[in-house]
$ cat query_21.cif   # mmCIF, C-alpha atoms and all ligand atoms
data_my_file
#
loop_
_atom_site.label_atom_id
_atom_site.label_comp_id
_atom_site.auth_asym_id
_atom_site.auth_seq_id
_atom_site.Cartn_x
_atom_site.Cartn_y
_atom_site.Cartn_z
CA MET A 11 92.48 103.96 77.22
CA ILE A 12 91.70 103.75 80.92
CA LEU A 13 90.47 106.32 83.44
CA VAL A 14 92.34 106.30 86.75
CA THR A 15 91.00 108.30 89.70
CA GLY A 16 93.26 109.39 92.55
CA GLY A 17 96.29 108.92 90.32
CA ALA A 18 98.32 111.69 92.00
CA GLY A 19 98.25 109.92 95.37
CA PHE A 20 100.64 107.30 96.69
CA ILE A 21 99.32 104.09 95.09
CA GLY A 22 97.58 105.77 92.15
CA SER A 23 100.73 107.54 90.98
CA ASN A 24 102.77 104.35 91.27
CA PHE A 25 100.04 102.62 89.24
CA VAL A 26 100.09 105.28 86.50
CA LEU A 27 103.90 105.22 86.27
CA ASP A 28 103.96 101.40 86.09
CA TRP A 29 101.13 101.33 83.57
CA LEU A 30 102.89 103.71 81.19
CA ALA A 31 106.22 101.93 81.69
CA GLY A 32 104.61 98.63 80.72
CA GLY A 33 102.67 99.55 77.57
CA ASP A 34 101.33 102.26 75.33
CA GLU A 35 97.68 102.39 76.38
CA PRO A 36 96.88 105.98 77.42
CA VAL A 37 95.65 107.01 80.87
CA VAL A 38 93.31 109.82 81.83
CA ASN A 39 94.17 110.65 85.42
CA LEU A 40 91.46 112.42 87.45
CA ASP A 41 92.55 113.70 90.85
CA LYS A 42 91.20 116.39 93.12
CA LEU A 43 94.68 117.19 94.43
CA THR A 44 93.80 117.17 98.11
CA TYR A 45 96.71 117.45 100.56
CA ALA A 46 97.55 113.83 99.56
CA GLY A 47 97.65 114.43 95.82
CA ASN A 48 101.01 115.49 94.48
CA LEU A 49 101.81 116.19 90.83
CA ALA A 50 105.51 115.86 91.65
CA ASN A 51 104.87 112.09 91.82
CA LEU A 52 104.07 112.26 88.10
CA ALA A 53 106.97 114.51 87.06
CA SER A 54 108.54 111.74 84.96
CA VAL A 55 105.43 111.52 82.72
CA GLN A 56 104.86 115.25 82.42
CA GLY A 57 104.50 116.03 78.72
CA ASP A 58 103.93 112.35 77.86
CA VAL A 59 101.05 112.33 75.34
CA ARG A 60 99.79 109.04 76.81
CA HIS A 61 99.03 110.77 80.14
CA THR A 62 96.22 113.30 80.49
CA PHE A 63 95.88 114.85 83.93
CA VAL A 64 92.56 116.41 84.94
CA GLN A 65 92.10 118.11 88.30
CA GLY A 66 88.63 117.31 89.60
CA ASP A 67 86.39 115.45 92.00
CA ILE A 68 84.93 111.95 91.53
CA GLY A 69 81.77 113.44 93.05
CA ASP A 70 81.43 115.95 90.18
CA SER A 71 78.93 114.06 88.01
CA ALA A 72 78.97 116.55 85.15
CA LEU A 73 82.76 116.38 84.92
CA ILE A 74 82.80 112.57 84.99
CA ASP A 75 80.08 112.39 82.34
CA ARG A 76 82.10 114.70 80.15
CA LEU A 77 85.35 112.75 80.62
CA LEU A 78 83.66 109.44 79.85
CA ALA A 79 81.96 110.81 76.72
CA GLU A 80 85.16 112.47 75.50
CA HIS A 81 87.71 109.73 76.20
CA ARG A 82 85.53 106.59 76.10
CA PRO A 83 87.77 104.57 78.48
CA ARG A 84 87.49 100.79 78.43
CA ALA A 85 87.94 100.74 82.20
CA ILE A 86 87.82 102.90 85.33
CA VAL A 87 90.24 102.16 88.17
CA ASN A 88 89.08 103.96 91.29
CA PHE A 89 91.87 104.84 93.72
CA ALA A 90 90.43 108.21 94.78
CA ALA A 91 89.76 108.28 98.51
CA GLU A 92 90.53 109.88 101.81
CA SER A 93 92.90 107.25 103.14
CA HIS A 94 94.32 108.15 106.56
CA VAL A 95 92.74 106.52 109.64
CA ASP A 96 93.99 109.17 112.09
CA ARG A 97 92.51 111.99 110.00
CA SER A 98 89.18 110.10 109.87
CA ILE A 99 89.18 110.05 113.68
CA HIS A 100 89.72 113.81 113.86
CA GLY A 101 86.99 114.48 111.27
CA ALA A 102 85.11 112.07 109.01
CA GLU A 103 83.21 114.51 106.76
CA ASP A 104 85.62 114.31 103.81
CA PHE A 105 85.69 110.50 104.12
CA ILE A 106 81.92 110.30 103.78
CA ALA A 107 81.92 112.81 100.91
CA THR A 108 84.64 111.16 98.80
CA ASN A 109 84.67 107.50 99.80
CA ILE A 110 80.89 107.04 99.91
CA VAL A 111 79.13 109.84 97.99
CA GLY A 112 81.99 110.18 95.51
CA THR A 113 82.06 106.45 94.78
CA PHE A 114 78.27 106.49 94.36
CA ARG A 115 78.46 109.33 91.82
CA LEU A 116 81.31 107.64 89.95
CA LEU A 117 79.31 104.40 89.80
CA GLU A 118 76.28 106.22 88.47
CA ALA A 119 78.31 108.00 85.80
CA ALA A 120 79.98 104.70 84.86
CA ARG A 121 76.58 103.01 84.61
CA GLY A 122 75.21 105.74 82.34
CA HIS A 123 78.26 105.48 80.09
CA TRP A 124 78.42 101.68 80.06
CA SER A 125 74.71 101.16 79.38
CA GLN A 126 74.98 103.10 76.11
CA LEU A 127 78.08 101.35 74.75
CA PRO A 128 77.91 99.10 71.68
CA ALA A 129 77.66 95.39 72.67
CA ASP A 130 81.36 94.53 72.32
CA ASP A 131 82.56 97.59 74.24
CA LYS A 132 79.89 96.98 76.85
CA ALA A 133 81.07 93.42 77.39
CA ALA A 134 84.70 94.52 77.69
CA PHE A 135 84.09 97.47 80.07
CA ARG A 136 85.36 97.19 83.69
CA PHE A 137 84.94 99.24 86.87
CA LEU A 138 87.72 98.25 89.28
CA HIS A 139 87.31 99.52 92.83
CA VAL A 140 90.46 99.64 94.95
CA SER A 141 89.71 98.88 98.59
CA THR A 142 91.39 97.81 101.78
CA ASP A 143 91.65 94.87 104.18
CA GLU A 144 90.57 97.26 106.97
CA VAL A 145 86.91 96.67 106.02
CA TYR A 146 87.18 93.28 107.75
CA GLY A 147 88.02 94.78 111.14
CA THR A 148 90.57 93.36 113.53
CA LEU A 149 91.95 89.82 114.05
CA ALA A 150 92.88 87.96 117.23
CA PRO A 151 96.60 87.03 117.34
CA ASP A 152 96.03 83.41 116.31
CA ALA A 153 92.98 83.86 114.03
CA PRO A 154 93.28 82.83 110.37
CA ALA A 155 93.99 85.64 107.90
CA PHE A 156 91.15 87.46 106.09
CA THR A 157 89.69 85.56 103.14
CA GLU A 158 87.20 87.11 100.70
CA GLU A 159 84.41 85.44 102.72
CA HIS A 160 85.31 87.19 105.96
CA VAL A 161 82.50 89.25 107.49
CA TYR A 162 82.76 93.04 107.12
CA GLU A 163 83.37 94.58 110.56
CA PRO A 164 84.95 98.02 109.96
CA ASN A 165 86.03 99.83 113.12
CA SER A 166 87.33 103.26 112.06
CA PRO A 167 85.49 106.01 110.21
CA TYR A 168 87.95 105.39 107.34
CA SER A 169 87.30 101.66 107.12
CA ALA A 170 83.54 102.14 107.56
CA SER A 171 83.50 104.57 104.63
CA LYS A 172 85.51 102.13 102.48
CA ALA A 173 83.19 99.27 103.50
CA ALA A 174 80.20 101.37 102.45
CA SER A 175 81.81 102.03 99.07
CA ASP A 176 82.51 98.30 98.59
CA HIS A 177 78.82 97.57 99.27
CA LEU A 178 77.75 100.19 96.72
CA VAL A 179 80.04 98.63 94.12
CA ARG A 180 78.61 95.20 94.87
CA ALA A 181 75.03 96.50 94.60
CA TRP A 182 75.70 98.20 91.26
CA ARG A 183 76.72 94.77 89.97
CA HIS A 184 73.78 92.87 91.43
CA THR A 185 71.11 95.43 90.67
CA HIS A 186 72.36 97.13 87.53
CA GLY A 187 74.73 94.54 86.06
CA LEU A 188 77.69 96.95 85.99
CA PRO A 189 80.86 94.89 85.32
CA VAL A 190 82.72 95.55 88.56
CA LEU A 191 85.77 94.10 90.29
CA THR A 192 86.88 94.88 93.85
CA THR A 193 90.32 94.43 95.38
CA ASN A 194 90.97 94.51 99.13
CA CYS A 195 94.64 95.08 99.81
CA SER A 196 96.80 95.13 102.92
CA ASN A 197 99.08 98.05 103.97
CA ASN A 198 101.27 99.32 101.16
CA TYR A 199 104.69 100.95 101.38
CA GLY A 200 107.21 102.29 98.88
CA PRO A 201 108.12 105.44 96.91
CA TYR A 202 105.86 108.53 96.98
CA HIS A 203 104.20 107.46 100.27
CA PHE A 204 102.98 110.57 102.07
CA PRO A 205 104.84 110.99 105.39
CA GLU A 206 101.75 110.87 107.58
CA LYS A 207 101.68 107.05 107.36
CA LEU A 208 103.85 104.83 109.55
CA ILE A 209 106.76 103.88 107.29
CA PRO A 210 107.49 107.21 105.54
CA LEU A 211 106.82 109.17 108.75
CA MET A 212 109.42 107.12 110.62
CA ILE A 213 112.03 107.50 107.87
CA VAL A 214 111.48 111.24 107.55
CA ASN A 215 111.40 111.89 111.30
CA ALA A 216 114.46 109.73 111.92
CA LEU A 217 116.52 111.66 109.39
CA ALA A 218 115.29 114.98 110.83
CA GLY A 219 116.38 113.94 114.35
CA LYS A 220 112.77 113.92 115.56
CA PRO A 221 110.93 111.45 117.82
CA LEU A 222 109.58 108.24 116.27
CA PRO A 223 106.07 108.09 117.77
CA ILE A 224 104.82 104.52 118.36
CA TYR A 225 101.13 104.29 119.29
CA GLY A 226 100.60 102.31 122.52
CA ASP A 227 102.75 99.19 122.91
CA GLY A 228 103.65 98.98 119.20
CA GLN A 229 102.57 95.32 119.08
CA GLN A 230 99.82 95.96 116.50
CA VAL A 231 100.30 93.84 113.39
CA ARG A 232 99.94 94.88 109.75
CA ASP A 233 100.55 92.81 106.59
CA TRP A 234 102.88 94.87 104.37
CA LEU A 235 102.98 94.85 100.57
CA TYR A 236 105.41 96.76 98.37
CA VAL A 237 103.37 99.19 96.28
CA THR A 238 104.45 97.96 92.84
CA ASP A 239 103.24 94.48 93.83
CA HIS A 240 99.82 96.00 94.56
CA CYS A 241 99.93 97.65 91.12
CA SER A 242 100.76 94.37 89.36
CA ALA A 243 97.90 92.66 91.22
CA ILE A 244 95.43 95.34 90.10
CA ARG A 245 96.61 95.02 86.49
CA ARG A 246 96.12 91.27 86.71
CA VAL A 247 92.61 91.57 88.19
CA LEU A 248 91.68 94.12 85.53
CA GLU A 249 92.93 91.75 82.85
CA ALA A 250 91.51 88.46 84.04
CA GLY A 251 89.42 88.88 87.22
CA ARG A 252 85.98 87.29 87.21
CA LEU A 253 83.21 89.88 87.07
CA GLY A 254 81.62 90.77 90.38
CA GLU A 255 84.40 89.02 92.35
CA THR A 256 86.51 90.47 95.11
CA TYR A 257 90.22 89.64 95.40
CA ASN A 258 92.27 89.99 98.56
CA ILE A 259 95.83 91.20 97.91
CA GLY A 260 98.59 90.84 100.47
CA GLY A 261 102.28 90.29 100.89
CA TRP A 262 102.38 87.45 103.44
CA ASN A 263 104.41 89.86 105.59
CA GLU A 264 102.89 90.24 109.03
CA LYS A 265 105.00 92.54 111.21
CA THR A 266 104.46 94.43 114.44
CA ASN A 267 104.79 98.19 114.22
CA LEU A 268 107.74 98.08 116.60
CA ALA A 269 109.52 95.54 114.38
CA ILE A 270 108.93 97.80 111.36
CA VAL A 271 110.42 100.81 113.13
CA HIS A 272 113.41 98.79 114.37
CA THR A 273 114.07 97.61 110.80
CA ILE A 274 113.91 101.19 109.48
CA CYS A 275 116.30 102.39 112.20
CA ASP A 276 118.74 99.57 111.50
CA LEU A 277 118.74 100.29 107.76
CA LEU A 278 119.33 103.99 108.38
CA ASP A 279 122.11 103.13 110.84
CA GLU A 280 123.74 101.20 107.99
CA LEU A 281 123.03 103.57 105.07
CA GLN A 282 123.21 106.99 106.73
CA PRO A 283 124.60 106.69 110.28
CA ARG A 284 123.88 109.48 112.75
CA ALA A 285 126.72 111.95 113.20
CA ASP A 286 126.91 111.14 116.95
CA GLY A 287 127.29 107.40 116.26
CA GLN A 288 124.15 106.49 118.17
CA SER A 289 121.37 104.34 116.70
CA TYR A 290 118.21 105.93 115.30
CA ARG A 291 116.42 103.54 117.70
CA THR A 292 117.16 106.02 120.50
CA GLN A 293 114.59 108.36 118.88
CA ILE A 294 111.71 105.88 119.46
CA THR A 295 109.03 107.19 121.83
CA HIS A 296 105.75 105.61 122.87
CA VAL A 297 102.77 107.98 122.54
CA GLN A 298 99.08 107.68 123.33
CA ASP A 299 97.36 104.90 121.40
CA ARG A 300 94.94 105.55 118.52
CA PRO A 301 91.29 105.30 119.66
CA GLY A 302 89.70 102.06 118.43
CA HIS A 303 93.08 100.89 117.14
CA ASP A 304 92.76 97.62 115.19
CA ARG A 305 95.19 95.11 116.66
CA ARG A 306 95.94 92.91 113.68
CA TYR A 307 95.32 92.70 109.93
CA ALA A 308 96.42 89.74 107.81
CA ILE A 309 95.48 88.84 104.24
CA ASP A 310 94.96 85.36 102.87
CA ALA A 311 95.98 85.99 99.25
CA ARG A 312 95.45 82.44 97.99
CA LYS A 313 92.44 83.23 95.79
CA ILE A 314 94.28 85.69 93.55
CA GLU A 315 97.21 83.28 93.31
CA ARG A 316 95.00 80.29 92.53
CA GLU A 317 92.73 82.02 90.01
CA LEU A 318 95.00 84.61 88.45
CA GLY A 319 98.51 83.32 89.18
CA TRP A 320 99.56 86.51 91.01
CA ARG A 321 102.22 86.55 93.72
CA PRO A 322 104.24 89.46 95.11
CA ALA A 323 107.69 89.91 93.58
CA GLU A 324 109.24 91.65 96.61
CA THR A 325 109.93 90.25 100.06
CA PHE A 326 109.72 92.65 102.98
CA ASP A 327 113.52 92.74 103.21
CA THR A 328 113.96 93.77 99.57
CA GLY A 329 111.01 96.17 99.60
CA ILE A 330 111.93 98.05 102.76
CA ARG A 331 115.55 98.42 101.62
CA LYS A 332 114.36 99.91 98.32
CA THR A 333 111.97 102.19 100.18
CA VAL A 334 114.53 103.56 102.63
CA GLY A 335 116.95 104.01 99.73
CA TRP A 336 114.31 105.92 97.76
CA TYR A 337 113.66 108.36 100.64
CA LEU A 338 117.40 108.92 101.07
CA ALA A 339 117.76 109.65 97.37
CA ASN A 340 114.68 111.89 97.18
CA ALA A 341 115.07 114.44 99.95
CA GLY A 342 113.74 117.08 97.53
CA TRP A 343 110.43 115.24 97.17
CA VAL A 344 110.12 115.08 100.96
CA GLN A 345 110.79 118.79 101.33
CA ASN A 346 108.20 119.48 98.64
CA VAL A 347 105.42 117.56 100.41
CA GLN A 348 106.16 119.11 103.79
CA SER A 349 103.76 121.92 103.02
CA GLY A 350 101.96 124.09 105.54
CA ALA A 351 98.97 121.73 105.55
CA TYR A 352 101.16 118.77 106.39
CA ARG A 353 102.89 120.63 109.24
CA ASP A 354 99.53 121.70 110.67
CA TRP A 355 98.38 118.09 110.70
CA VAL A 356 101.48 116.86 112.49
CA ALA A 357 101.07 119.57 115.14
CA THR A 358 97.41 118.55 115.71
CA GLN A 359 98.17 114.84 115.90
CA TYR A 360 101.39 114.72 117.91
CA GLY A 361 101.49 118.08 119.65
CA VAL A 362 104.03 120.82 119.27
CA GLY A 363 107.64 119.67 119.35
CA GLN A 364 107.04 116.11 118.15
CA GLY A 365 106.41 116.69 114.50
CA ALA A 366 107.84 118.31 111.43
P1 LIG B 1 96.38 108.69 99.07
O1 LIG B 1 95.68 109.39 100.18
O2 LIG B 1 97.87 108.74 98.98
O3 LIG B 1 95.83 109.22 97.67
C1 LIG B 1 94.48 109.47 97.43
C2 LIG B 1 94.40 110.33 96.17
O4 LIG B 1 92.99 110.55 95.90
C3 LIG B 1 95.04 111.70 96.32
O5 LIG B 1 95.81 111.98 95.18
C4 LIG B 1 93.85 112.66 96.42
O6 LIG B 1 94.13 113.95 95.89
C5 LIG B 1 92.81 111.92 95.59
N1 LIG B 1 91.43 112.30 95.97
C6 LIG B 1 90.91 112.41 97.23
N2 LIG B 1 89.62 112.76 97.15
C7 LIG B 1 89.31 112.84 95.84
C8 LIG B 1 88.12 113.14 95.13
N3 LIG B 1 86.98 113.43 95.78
N4 LIG B 1 88.15 113.12 93.77
C9 LIG B 1 89.30 112.84 93.10
N5 LIG B 1 90.46 112.57 93.73
C10 LIG B 1 90.46 112.55 95.08
O7 LIG B 1 95.86 107.19 99.14
P2 LIG B 1 96.59 105.84 98.72
O8 LIG B 1 97.33 105.32 99.88
O9 LIG B 1 97.28 106.03 97.43
O10 LIG B 1 95.32 104.90 98.52
C11 LIG B 1 94.68 104.78 97.25
C12 LIG B 1 93.51 103.83 97.38
O11 LIG B 1 93.96 102.57 97.84
C13 LIG B 1 92.46 104.29 98.40
O12 LIG B 1 91.18 103.99 97.88
C14 LIG B 1 92.75 103.46 99.64
O13 LIG B 1 91.59 103.24 100.39
C15 LIG B 1 93.26 102.18 99.00
N6 LIG B 1 94.20 101.40 99.81
C16 LIG B 1 95.31 101.99 100.36
C17 LIG B 1 96.21 101.21 101.08
C18 LIG B 1 97.47 101.79 101.67
O14 LIG B 1 98.18 101.10 102.40
N7 LIG B 1 97.81 103.04 101.40
C19 LIG B 1 95.98 99.84 101.25
C20 LIG B 1 94.83 99.28 100.68
C21 LIG B 1 93.96 100.06 99.94
P1 LIG B 2 99.11 103.75 109.15
O1 LIG B 2 100.32 103.89 108.30
O2 LIG B 2 98.35 104.99 109.54
O3 LIG B 2 98.15 102.69 108.42
P2 LIG B 2 96.77 101.99 108.95
O4 LIG B 2 96.32 102.63 110.19
O5 LIG B 2 95.86 102.24 107.80
O6 LIG B 2 97.14 100.54 109.13
O7 LIG B 2 99.51 103.00 110.48
C1 LIG B 2 100.09 101.73 110.45
C2 LIG B 2 100.26 101.26 111.87
O8 LIG B 2 101.22 102.10 112.53
C3 LIG B 2 98.97 101.39 112.69
O9 LIG B 2 98.90 100.27 113.59
C4 LIG B 2 99.16 102.68 113.46
C5 LIG B 2 100.65 102.73 113.67
N1 LIG B 2 101.24 104.10 113.76
C6 LIG B 2 102.06 104.46 114.84
O10 LIG B 2 102.31 103.64 115.75
N2 LIG B 2 102.58 105.72 114.87
C7 LIG B 2 102.34 106.64 113.90
O11 LIG B 2 102.82 107.79 113.99
C8 LIG B 2 101.51 106.25 112.78
C9 LIG B 2 101.20 107.24 111.68
C10 LIG B 2 100.99 104.97 112.74
#

$ encode --input "query_21.cif" --output "structure tokens"
Amino acid sequence: MILVTGGAGFIGSNFVLDWLAGGDEPVVNLDKLTYAGNLANLASVQGDVRHTFVQGDIGDSALIDRLLAEHRPRAIVNFAAESHVDRSIHGAEDFIATNIVGTFRLLEAARGHWSQLPADDKAAFRFLHVSTDEVYGTLAPDAPAFTEEHVYEPNSPYSASKAASDHLVRAWRHTHGLPVLTTNCSNNYGPYHFPEKLIPLMIVNALAGKPLPIYGDGQQVRDWLYVTDHCSAIRRVLEAGRLGETYNIGGWNEKTNLAIVHTICDLLDELQPRADGQSYRTQITHVQDRPGHDRRYAIDARKIERELGWRPAETFDTGIRKTVGWYLANAGWVQNVQSGAYRDWVATQYGVGQGA
């Protein structure tokens, strides 16, 4: 079996659902259930004996020790993190606690467990750390995309905390020999994406008749990957990645934020036209830019293709159509996540009247 952390969040829950759909190996899913963790994402595997959910913190060493001793997983896949850049700007404490201290404690627990395994199990054990392309900092418009050799230059409290965790993972390999793998992925999108991030926020706000807040000029570039492609890449790295290596994962889909929002509006115009016949584009508003806003991210995903034969299955056109369709079909999920905590955040970030 494998231990997944953060498996009630956006990518983690997609990973757990895909994992169980693709085989019979059980998953222990440890998640603290912060505002971003949502058991509704896992409703379809509720009662499935292959899925054991445990509410808890990756920083709780005693709990992790107990889970490892009890379940003896062959691998740990660490998704658990505070993941939202804007929240890290408003307050970084939780980012330091989970992304840095939590990863440290998880590594230590994994090391204790791994070091006592019989030789065959020890050789097969893996600690896969899920990270981000944001650790590399920002790119000039014409600069080549990030390779695995790119210097770490994190600019936000979020990316700095993820960079620190990547360095810890690397050190636990070099110093202690722990069999680690690290993946650095570009921006994901798809089902179960919490509507504080660009794509789900724009879909949800558009349908609610609310403003679509673009930071600054909207010409910032991100490299978008459909979430199930990220999951298949992680499975592939877990299966065949070389120990101690890092793999960049991306979709070869660089888009400006404005282009993303235009695409979402156009799809909604087609699939669920506004009652007044106007385009959802009329709801676009430009708001104050994010402090320290990285201008461009782009992933060079040739290493994972060359070494492990992985390529994304979705194009941006197919992925965004599926995503918009999923949000239209799952209004109940959206209502469920729009809890008090989420509404408070939107009011802090965008001011009264702009948000949910
Ligand atoms: P998310 O915020 O949707 O989910 C994070 C999950 O971790 C939540 O379920 C939360 O409850 C849980 N969690 C938080 N603190 C915890 C703790 N201390 N102990 C246990 N669980 C805890 O994030 P996501 O978008 O699914 O991202 C998952 C991982 O992938 C993160 O490590 C993130 O840095 C990385 N990543 C995300 C993206 C992206 O575009 N979303 C891209 C590249 C990498
Ligand atoms: P986000 O989804 O927060 O991901 P990240 O900052 O990790 O890349 O934001 C994606 C891009 O969209 C980023 O350039 C910031 C921008 N953005 C907006 O313009 N308006 C918004 O309301 C949000 C949430 C993001």

$ atom_distance --input "query_21.cif" --atom1 "atom N1 of ligand LIG 2 (chain B)" --atom2 "atom CA of Ala339 of chain A"
23.9 Å

$ residues_near_ligand --input "query_21.cif" --ligand "ligand LIG 2 (chain B)" --cutoff "7 Å" --atoms "all atoms listed in the file" --output "PDB file with C-alpha atoms, keeping the file's coordinate frame"
ATOM      1  CA  HIS A  94      94.320 108.150 106.560  1.00  0.00           C
ATOM      2  CA  VAL A  95      92.740 106.520 109.640  1.00  0.00           C
ATOM      3  CA  ASP A  96      93.990 109.170 112.090  1.00  0.00           C
ATOM      4  CA  ASN A 197      99.080  98.050 103.970  1.00  0.00           C
ATOM      5  CA  GLU A 206     101.750 110.870 107.580  1.00  0.00           C
ATOM      6  CA  LYS A 207     101.680 107.050 107.360  1.00  0.00           C
ATOM      7  CA  LEU A 208     103.850 104.830 109.550  1.00  0.00           C
ATOM      8  CA  ILE A 209     106.760 103.880 107.290  1.00  0.00           C
ATOM      9  CA  LEU A 211     106.820 109.170 108.750  1.00  0.00           C
ATOM     10  CA  PRO A 223     106.070 108.090 117.770  1.00  0.00           C
ATOM     11  CA  ILE A 224     104.820 104.520 118.360  1.00  0.00           C
ATOM     12  CA  TYR A 225     101.130 104.290 119.290  1.00  0.00           C
ATOM     13  CA  GLY A 228     103.650  98.980 119.200  1.00  0.00           C
ATOM     14  CA  GLN A 230      99.820  95.960 116.500  1.00  0.00           C
ATOM     15  CA  VAL A 231     100.300  93.840 113.390  1.00  0.00           C
ATOM     16  CA  ARG A 232      99.940  94.880 109.750  1.00  0.00           C
ATOM     17  CA  ASN A 267     104.790  98.190 114.220  1.00  0.00           C
ATOM     18  CA  HIS A 303      93.080 100.890 117.140  1.00  0.00           C
ATOM     19  CA  ASP A 304      92.760  97.620 115.190  1.00  0.00           C
TER      20      ASP A 304
END

$ residues_near_ligand --input "query_21.cif" --ligand "ligand LIG 1 (chain B)" --cutoff "8 Å" --atoms "all atoms listed in the file" --output "PyMOL selection string"
chain A and resi 15-23+40-48+65-69+88-94+104+107-109+112+139-144+172+194-199+203-204

$ atom_distance --input "query_21.cif" --atom1 "atom CA of Ala173 of chain A" --atom2 "atom CA of Val145 of chain A"
5.2 Å

$ closest_residue --input "query_21.cif" --among "A:Ala218, A:Trp234, A:Ser166, A:Ala323" --to "His100 of chain A" --atoms "all atoms listed in the file"
A:Ser166

$ residues_around --input "query_21.cif" --residues "Leu178 of chain A" --least-positions-apart "5" --cutoff "10 Å" --atoms "all atoms listed in the file" --output "list of chain:residue names"
A:Ile110, A:Val111, A:Thr113, A:Phe114, A:Leu117, A:Lys172, A:Ala173, A:Arg183, A:His184

$ axis_aligned_box --input "query_21.cif" --around "segment 66-73 of chain A" --padding-each-side "3 Å" --output "AutoDock Vina command-line options"
--center_x 83.8 --center_y 114.6 --center_z 89.0 --size_x 15.7 --size_y 11.4 --size_z 14.1
